[in-house]
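Enquirer: What follows is structure-v3.csv, made up of CSV, C-alpha atoms:
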chain,number,residue,atom,x,y,z
Y,27,MET,CA,161.5,57.4,128.3
Y,28,ASN,CA,163.1,54.8,126.1
Y,29,ASP,CA,163.7,55.9,122.5
Y,30,GLU,CA,163.1,52.3,121.3
Y,31,LEU,CA,159.5,52.3,122.5
Y,32,ASP,CA,158.8,55.7,121.0
Y,33,SER,CA,159.9,54.6,117.6
Y,34,LEU,CA,157.6,51.5,117.5
Y,35,GLY,CA,154.4,53.6,117.6
Y,36,PRO,CA,151.3,52.8,119.6
Y,37,HIS,CA,150.1,49.3,120.3
Y,38,PRO,CA,147.8,47.9,117.5
Y,39,HIS,CA,144.8,47.9,119.8
Y,40,ILE,CA,145.4,51.5,120.8
Y,41,ALA,CA,145.9,52.5,117.2
Y,42,LEU,CA,142.5,50.9,116.3
Y,43,LEU,CA,140.8,52.8,119.2
Y,44,LEU,CA,142.5,56.0,118.2
Y,45,ARG,CA,141.2,55.6,114.6
Y,46,GLN,CA,137.6,55.0,115.9
Y,47,TYR,CA,137.9,58.0,118.2
Y,48,ALA,CA,139.0,60.2,115.3
Y,49,ARG,CA,136.2,59.0,113.1
Y,50,ASP,CA,133.6,59.6,115.9
Y,51,LEU,CA,135.1,63.0,116.6
Y,52,ALA,CA,134.9,64.0,113.0
Y,53,GLN,CA,131.2,63.1,113.0
Y,54,ILE,CA,130.3,65.4,115.9
Y,55,THR,CA,132.5,68.4,115.1
Y,56,PRO,CA,130.5,71.4,114.2
Y,57,SER,CA,129.5,71.3,110.5
Y,58,SER,CA,126.5,72.0,108.4
Y,59,HIS,CA,125.6,68.3,108.4
Y,60,LEU,CA,125.7,68.2,112.2
Y,61,ASP,CA,123.5,71.3,112.4
Y,62,ALA,CA,121.0,69.8,110.1
Y,63,ARG,CA,120.8,66.6,112.2
Y,64,VAL,CA,120.3,68.6,115.4
Y,65,ASP,CA,117.6,70.7,113.8
Y,66,ALA,CA,115.8,67.5,112.6
Y,67,LEU,CA,116.0,66.0,116.1
Y,68,VAL,CA,114.7,69.1,117.7
Y,69,ALA,CA,111.8,69.4,115.2
Y,70,ALA,CA,110.9,65.7,115.7
Y,71,GLY,CA,111.0,66.1,119.5
Y,72,CYS,CA,108.6,69.1,119.4
Y,73,GLU,CA,106.1,67.1,117.3
Y,74,HIS,CA,106.1,64.2,119.7
Y,75,SER,CA,106.0,66.1,123.0
Y,76,SER,CA,102.8,68.0,122.8
Y,77,PRO,CA,101.2,69.2,126.1
Y,78,ALA,CA,98.3,66.8,125.7
Y,79,ALA,CA,100.8,63.8,125.4
Y,80,ARG,CA,102.6,64.9,128.5
Y,81,SER,CA,99.4,65.3,130.5
Y,82,ARG,CA,98.2,61.8,129.4
Y,83,GLY,CA,101.4,60.4,130.9
Y,84,LEU,CA,100.6,62.0,134.3
Y,85,LEU,CA,96.9,60.9,134.3
Y,86,PRO,CA,97.4,57.5,135.9
Y,87,TYR,CA,99.5,59.1,138.7
Y,88,ALA,CA,96.8,61.8,139.3
Y,89,VAL,CA,94.1,59.2,139.4
Y,90,ALA,CA,96.1,57.0,141.9
Y,91,ALA,CA,96.8,60.0,144.1
Y,92,GLY,CA,93.1,61.0,144.1
Y,93,LEU,CA,91.9,57.5,144.9
Y,94,GLY,CA,94.5,57.3,147.8
Y,95,ALA,CA,93.3,60.6,149.2
Y,96,LEU,CA,89.7,59.5,148.9
Y,97,ALA,CA,90.4,56.1,150.7
Y,98,ILE,CA,92.2,58.0,153.6
Y,99,GLY,CA,89.3,60.4,153.9
Y,100,VAL,CA,86.7,57.5,154.0
Y,101,GLY,CA,88.8,55.7,156.6
Y,102,ILE,CA,89.0,58.7,158.9
Y,103,PHE,CA,85.2,59.3,158.4
Y,104,ILE,CA,84.3,55.7,159.3
Y,105,GLY,CA,86.6,55.8,162.3
Y,106,MET,CA,85.1,59.0,163.6
Y,107,LYS,CA,81.6,57.7,163.2
Y,108,LEU,CA,82.5,54.5,165.1
Y,109,GLU,CA,83.9,56.6,168.0
Y,110,GLN,CA,80.9,58.9,168.0
Y,111,SER,CA,78.4,56.0,168.0
Y,112,ARG,CA,80.2,54.3,170.8
Y,113,ASP,CA,80.2,57.5,172.9
Y,114,PHE,CA,76.5,58.1,172.1
Y,115,LEU,CA,75.6,54.5,173.1
Y,116,ALA,CA,77.6,54.8,176.3
Y,117,ALA,CA,76.0,58.1,177.2
Y,118,HIS,CA,72.4,57.0,176.6
Y,119,ALA,CA,72.6,53.5,178.0
Y,120,THR,CA,70.9,53.0,181.4
Y,121,SER,CA,71.7,50.3,183.9
Y,122,ASP,CA,68.1,48.8,183.8
Y,123,GLN,CA,68.3,48.2,180.1
Y,124,PRO,CA,70.2,45.1,179.0
Y,125,PRO,CA,72.6,45.8,176.1
Y,126,ALA,CA,71.1,45.0,172.7
Y,127,GLN,CA,74.3,43.4,171.5
Y,128,GLU,CA,77.8,43.4,173.0
Y,129,GLY,CA,80.5,44.5,170.6
Y,130,ALA,CA,83.2,42.1,169.7
Y,131,TRP,CA,85.9,44.6,170.7
Y,132,SER,CA,86.4,46.6,173.8
Y,133,SER,CA,86.0,50.4,173.5
Y,134,ALA,CA,89.8,50.8,173.7
Y,135,ASP,CA,90.2,48.6,170.6
Y,136,LEU,CA,87.9,50.8,168.5
Y,137,THR,CA,89.7,54.1,169.0
Y,138,MET,CA,91.8,55.5,166.1
Y,139,TRP,CA,94.5,56.7,168.5
Y,140,PRO,CA,96.2,54.8,171.3
Y,141,SER,CA,94.4,55.4,174.5
Y,142,ASP,CA,96.1,52.9,176.8
Y,143,SER,CA,99.7,52.0,177.2
Y,144,VAL,CA,102.0,50.0,179.5
Y,145,SER,CA,105.4,51.1,180.6
Y,146,PHE,CA,108.1,48.7,181.9
Y,147,GLN,CA,111.9,48.3,182.1
Y,148,ILE,CA,114.0,45.5,180.5
Y,149,PRO,CA,117.6,44.8,181.7
Y,150,ALA,CA,120.1,44.7,178.9
Y,151,GLU,CA,123.9,44.4,178.3
Y,152,PHE,CA,126.1,44.8,175.3
Y,153,SER,CA,126.7,41.6,173.3
Y,154,ALA,CA,130.0,40.6,171.6
Y,155,GLN,CA,128.7,42.1,168.4
Y,156,GLY,CA,128.2,45.5,170.1
Y,157,LYS,CA,124.4,45.4,170.2
Y,158,LEU,CA,122.3,46.0,173.3
Y,159,VAL,CA,120.4,42.8,174.1
Y,160,ALA,CA,118.0,41.8,176.8
Y,161,VAL,CA,119.4,39.6,179.5
Y,162,ASP,CA,118.2,37.6,182.5
Y,163,PRO,CA,117.9,40.1,185.5
Y,164,ASN,CA,119.3,37.4,187.8
Y,165,SER,CA,122.4,36.6,185.8
Y,166,LYS,CA,125.7,37.9,187.2
Y,167,ASN,CA,127.7,39.0,184.2
Y,168,VAL,CA,130.7,41.4,184.4
Y,169,SER,CA,129.7,43.7,181.6
Y,170,THR,CA,127.8,47.0,182.3
Y,171,ARG,CA,124.1,46.6,182.7
Y,172,TYR,CA,121.5,49.0,181.4
Y,173,TRP,CA,117.8,49.5,181.9
Y,174,ILE,CA,115.7,50.0,178.7
Y,175,ASN,CA,112.5,51.9,179.5
Y,176,VAL,CA,109.8,50.7,177.0
Y,177,VAL,CA,106.2,51.8,176.3
Y,178,VAL,CA,103.8,49.5,174.5
Y,179,SER,CA,100.4,51.0,173.4
Y,180,ASN,CA,97.1,49.3,172.7
Y,181,ASP,CA,97.5,50.1,168.9
Y,182,GLY,CA,100.6,47.8,168.8
Y,183,THR,CA,103.3,50.5,168.8
Y,184,PHE,CA,106.4,49.8,170.8
Y,185,ARG,CA,108.8,52.6,171.6
Y,186,ILE,CA,111.9,52.9,173.7
Y,187,GLU,CA,111.6,55.9,176.1
Y,188,ARG,CA,115.2,55.9,177.3
Y,189,VAL,CA,118.3,53.7,178.0
Y,190,VAL,CA,120.0,54.3,181.4
Y,191,PRO,CA,122.9,52.6,183.0
Y,192,ALA,CA,121.9,50.3,185.9
Y,193,ASP,CA,123.2,52.0,189.0
Y,194,THR,CA,123.6,49.9,192.1
Y,195,GLN,CA,122.1,52.5,194.4
Y,196,GLN,CA,119.0,53.4,192.4
Y,197,GLY,CA,118.9,50.5,189.9
Y,198,GLY,CA,117.9,52.8,187.0
Y,199,HIS,CA,114.3,52.3,188.1
Y,200,ASP,CA,111.7,54.8,189.0
Y,201,ASP,CA,108.6,53.9,191.0
Y,202,ALA,CA,106.2,54.6,188.1
Y,203,THR,CA,107.8,52.0,185.8
Y,204,PRO,CA,107.5,48.4,186.7
Y,205,LYS,CA,110.7,46.3,186.4
Y,206,ILE,CA,110.8,43.0,184.5
Y,207,GLN,CA,112.2,40.4,186.8
Could you write out this file's structure as structure tokens?

Expert:
Amino acid sequence: MNDELDSLGPHPHIALLLRQYARDLAQITPSSHLDARVDALVAAGCEHSSPAARSRGLLPYAVAAGLGALAIGVGIFIGMKLEQSRDFLAAHATSDQPPAQEGAWSSADLTMWPSDSVSFQIPAEFSAQGKLVAVDPNSKNVSTRYWINVVVSNDGTFRIERVVPADTQQGGHDDATPKIQ
């Protein structure tokens, strides 16, 4: 180190910060005054945080959770009743009686769970950004081609079953899955 810089003392801004730090440190060092302040804060905190006050803070969340559970239960109950009434009407309907009123939806649309799905394959290649994108099956690109096996259900869900490289011998295609051309 240079002796000239040591003899000058700290920079004025540093000296100011050191004085503020020393003052703050003196205020928080253990003393009877600090102990009295901590005791006062603890006593004030105990007065304000009674168990009743804490439970009142949780009351809106408990009410919201209860209403949410009730709404889910009502939805499941209504769905089950719709399915049971549809099955009951289908079992007791005879061919000589005309239907009283046709429903607006098919029976597959009224189920709570997917009962029908379609499976197909989409040709894809990697784009310049490194993402797998659908391509025209008739295009002749030099990049590696893949088949994406996709299942779409009547409830609107779309899931990718698997991604396989397109092989020239088998085409990545099985007979059960139609190919998009």

Enquirer: When you look at Ser179 of chain Y with a cut-off of 6 Å (counting all atoms listed in the file), what residues show up, excluding the ones that are within fewer than 2 positions of it in the same chain? I need them as a PyMOL selection string.

Expert: chain Y and resi 142-143+181-183

Enquirer: Would you compute the distance between atom CA of Gly156 of chain Y and atom CA of Arg188 of chain Y? Give it in Å to one decimal.

Expert: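 Computing the Euclidean distance for atom CA of Gly156 of chain Y and atom CA of Arg188 of chain Y yields 18.1 Å.
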
Enquirer: Enter the distance from atom CA of Thr55 of chain Y to atom CA of Leu67 of chain Y, in Å, rounded to one decimal.

Expert: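 Interatomic distance here is 16.7 Å.
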
Enquirer: How many Å separate atom CA of Ala192 of chain Y from atom CA of Asn164 of chain Y?

Expert: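 Computing it gives 13.3 Å between the two atoms.
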